[in-house]
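For reference, the structure is listed below as structure tokens.
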Amino acid sequence: CALPISTAVRKGEVKVAGRAFPPGAGLVPEAAREPLRHAFADLNLARFRTQREETMEYHQIVKLKDGSECVLRNGTEQDSKAVLDVFVLTHEQTDYLLTYPDENALSAEQEAAFLKARHESGNEITILAEVNGTVVGLAGIGAIGKQEKIRHRADLGVSVDARYWHLGIGKALLGACIACAGNAGYDQLELTVVADNRVAIALYEKAGFTEFGRNPRGFKSRKGTYQEVVSMRLEL
């Protein structure tokens, strides 16, 4: 089925998957929805609601390519250890991400406070991907800034345990971020990706992202080489 991404922006229950929306619901423009229908057509159940003002709740069940199910949901303060564990793991598995595992300075308590703030936010969110109760991926959107001229912009990040690559989890997390960004009221979603990460770039392009710049020396790897970084954006 197509990804049901049109939901209310702030208050009240949101009805999705073919059910009627309440008056005043904020909708993602058709032009932004169309590429997502093709890129995320294997989603079999989605629910997105706001329970109280300035808070987003996200829950989605995804059928993976191997037939198993993956649950996407908000990260909460109770998930701090699992989030830190998968953060370290995913950053050990690839050199395409911004930081190295030993650069994470957050304790479990600090991570819990961060996740609590995200869970209570109306315009920022951390989304976990769980398979058989184990967190195997992370994604999230964050405001670029609070200043009036840039508060229409958000950035996103996605990482998945390499043991679960090529199953559709990254695609599902990306779709969740796009849905959340649109419903939080952002006009533009942005990301950066290492140019050599062609699989990720192809995924972003299928979702409608376009390139708007490159930095040939954006990253300097511990391997002693520079990595070109591509900036991409999606108008919501």
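Each chain in the structure tokens gets a letter, A, B and so on, in the order shown; residues start at 1 in every chain, and ligands are counted from 1 in the order they appear.
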- Item | Close residues, stretch 187-204 of chain A itself excluded, 6 Å, only C-alpha atoms, min 5 positions apart in chain, as a PyMOL selection string | chain A and resi 96+152-156+209+228-236
- Task: Can you check which residues of stretch 68-157 of chain A DSSP gives as strand (DSSP E) on the backbone and send them as JSON, numbers by chain?
- Result: {"A": [69, 70, 71, 72, 73, 74, 125, 126, 127, 128, 129, 130, 131, 134, 135, 136, 137, 138, 139, 140, 141, 142, 143, 153, 154, 155, 156, 157]}
Store the residues of this selection in a file with N, CA, C and O atoms, as a CSV table (one decimal), in the first residue's frame.
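File result.csv, as written:
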```
chain,number,residue,atom,x,y,z
A,69,GLU,N,8.9,-9.0,10.5
A,69,GLU,CA,8.3,-7.7,10.8
A,69,GLU,C,9.3,-6.8,11.5
A,69,GLU,O,10.1,-7.3,12.4
A,70,CYS,N,9.2,-5.5,11.3
A,70,CYS,CA,10.1,-4.5,12.0
A,70,CYS,C,9.1,-3.5,12.5
A,70,CYS,O,8.2,-3.0,11.8
A,71,VAL,N,9.3,-3.1,13.8
A,71,VAL,CA,8.5,-2.1,14.4
A,71,VAL,C,9.3,-0.8,14.5
A,71,VAL,O,10.4,-0.8,15.0
A,72,LEU,N,8.7,0.2,14.0
A,72,LEU,CA,9.3,1.6,14.1
A,72,LEU,C,8.5,2.3,15.2
A,72,LEU,O,7.2,2.4,15.1
A,73,ARG,N,9.2,2.9,16.1
A,73,ARG,CA,8.5,3.7,17.2
A,73,ARG,C,9.4,4.7,17.8
A,73,ARG,O,10.6,4.8,17.5
A,74,ASN,N,8.8,5.6,18.6
A,74,ASN,CA,9.5,6.6,19.3
A,74,ASN,C,10.6,6.0,20.2
A,74,ASN,O,10.3,5.0,20.9
A,125,ILE,N,12.3,14.3,16.7
A,125,ILE,CA,12.0,12.9,17.1
A,125,ILE,C,13.1,12.0,16.8
A,125,ILE,O,13.9,12.2,15.9
A,126,THR,N,13.2,11.0,17.7
A,126,THR,CA,14.1,9.8,17.4
A,126,THR,C,13.3,8.6,17.2
A,126,THR,O,12.4,8.3,18.0
A,127,ILE,N,13.5,7.9,16.2
A,127,ILE,CA,12.7,6.7,15.8
A,127,ILE,C,13.6,5.5,15.9
A,127,ILE,O,14.7,5.5,15.3
A,128,LEU,N,13.1,4.4,16.5
A,128,LEU,CA,13.9,3.2,16.6
A,128,LEU,C,13.3,2.1,15.7
A,128,LEU,O,12.1,2.1,15.5
A,129,ALA,N,14.1,1.3,15.2
A,129,ALA,CA,13.7,0.1,14.4
A,129,ALA,C,14.0,-1.1,15.2
A,129,ALA,O,15.1,-1.4,15.6
A,130,GLU,N,12.9,-1.9,15.5
A,130,GLU,CA,13.1,-3.1,16.3
A,130,GLU,C,12.7,-4.4,15.5
A,130,GLU,O,11.7,-4.4,14.8
A,131,VAL,N,13.5,-5.4,15.6
A,131,VAL,CA,13.2,-6.7,15.0
A,131,VAL,C,13.3,-7.7,16.1
A,131,VAL,O,14.3,-7.8,16.8
A,134,THR,N,14.6,-6.4,19.4
A,134,THR,CA,16.0,-5.9,19.5
A,134,THR,C,16.1,-4.6,18.6
A,134,THR,O,15.6,-4.6,17.4
A,135,VAL,N,16.7,-3.6,19.1
A,135,VAL,CA,16.8,-2.3,18.4
A,135,VAL,C,18.0,-2.6,17.4
A,135,VAL,O,19.1,-2.9,17.7
A,136,VAL,N,17.7,-2.4,16.1
A,136,VAL,CA,18.6,-2.7,15.0
A,136,VAL,C,18.9,-1.4,14.1
A,136,VAL,O,19.7,-1.5,13.2
A,137,GLY,N,18.2,-0.3,14.4
A,137,GLY,CA,18.4,0.9,13.6
A,137,GLY,C,17.9,2.1,14.3
A,137,GLY,O,17.0,2.0,15.2
A,138,LEU,N,18.4,3.2,13.9
A,138,LEU,CA,18.0,4.5,14.5
A,138,LEU,C,17.8,5.5,13.4
A,138,LEU,O,18.5,5.5,12.4
A,139,ALA,N,16.9,6.5,13.6
A,139,ALA,CA,16.8,7.6,12.7
A,139,ALA,C,16.2,8.7,13.5
A,139,ALA,O,15.6,8.6,14.6
A,140,GLY,N,16.3,9.9,13.0
A,140,GLY,CA,15.7,11.1,13.7
A,140,GLY,C,15.7,12.3,12.8
A,140,GLY,O,16.5,12.4,11.9
A,141,ILE,N,14.9,13.3,13.2
A,141,ILE,CA,14.9,14.6,12.6
A,141,ILE,C,15.2,15.6,13.7
A,141,ILE,O,14.7,15.5,14.8
A,142,GLY,N,15.9,16.7,13.4
A,142,GLY,CA,16.2,17.7,14.3
A,142,GLY,C,16.1,19.1,13.6
A,142,GLY,O,16.4,19.2,12.4
A,143,ALA,N,15.8,20.1,14.3
A,143,ALA,CA,15.7,21.4,13.8
A,143,ALA,C,17.1,21.9,13.5
A,143,ALA,O,18.0,21.7,14.2
A,153,ARG,N,13.6,24.5,8.3
A,153,ARG,CA,14.5,23.5,7.9
A,153,ARG,C,14.8,22.5,9.0
A,153,ARG,O,14.9,22.8,10.1
A,154,ALA,N,14.9,21.2,8.6
A,154,ALA,CA,15.3,20.1,9.6
A,154,ALA,C,16.3,19.2,8.9
A,154,ALA,O,16.3,19.2,7.6
A,155,ASP,N,17.1,18.6,9.7
A,155,ASP,CA,18.0,17.6,9.1
A,155,ASP,C,17.7,16.2,9.7
A,155,ASP,O,16.9,16.1,10.6
A,156,LEU,N,18.2,15.2,9.0
A,156,LEU,CA,17.9,13.8,9.4
A,156,LEU,C,19.2,13.0,9.4
A,156,LEU,O,20.1,13.3,8.7
A,157,GLY,N,19.1,11.9,10.1
A,157,GLY,CA,20.2,10.9,10.1
A,157,GLY,C,19.6,9.5,10.2
A,157,GLY,O,18.6,9.4,10.9
```
- Item | Residue neighbourhood stretch 88-95 of chain A, 6 Å, only C-alpha atoms, exclusion window fewer than 5 positions, as a PyMOL selection string | chain A and resi 100-101+161
- Message: Can you pull out every residue from stretch 52-204 of chain A that DSSP, working from the backbone, puts in alpha helix (DSSP H), and format the result as a VMD selection string?
- Response: chain A and resid 80 to 93 108 to 119 169 to 183 198 to 204
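Residue nearest A:Phe219, chosen from A:Ile61, A:Ile178, A:Leu97, A:Val86 and counting only C-alpha atoms: A:Leu97.
Note that atom CA of A:Phe87 and atom CA of A:Gln60 are 21.2 Å apart.
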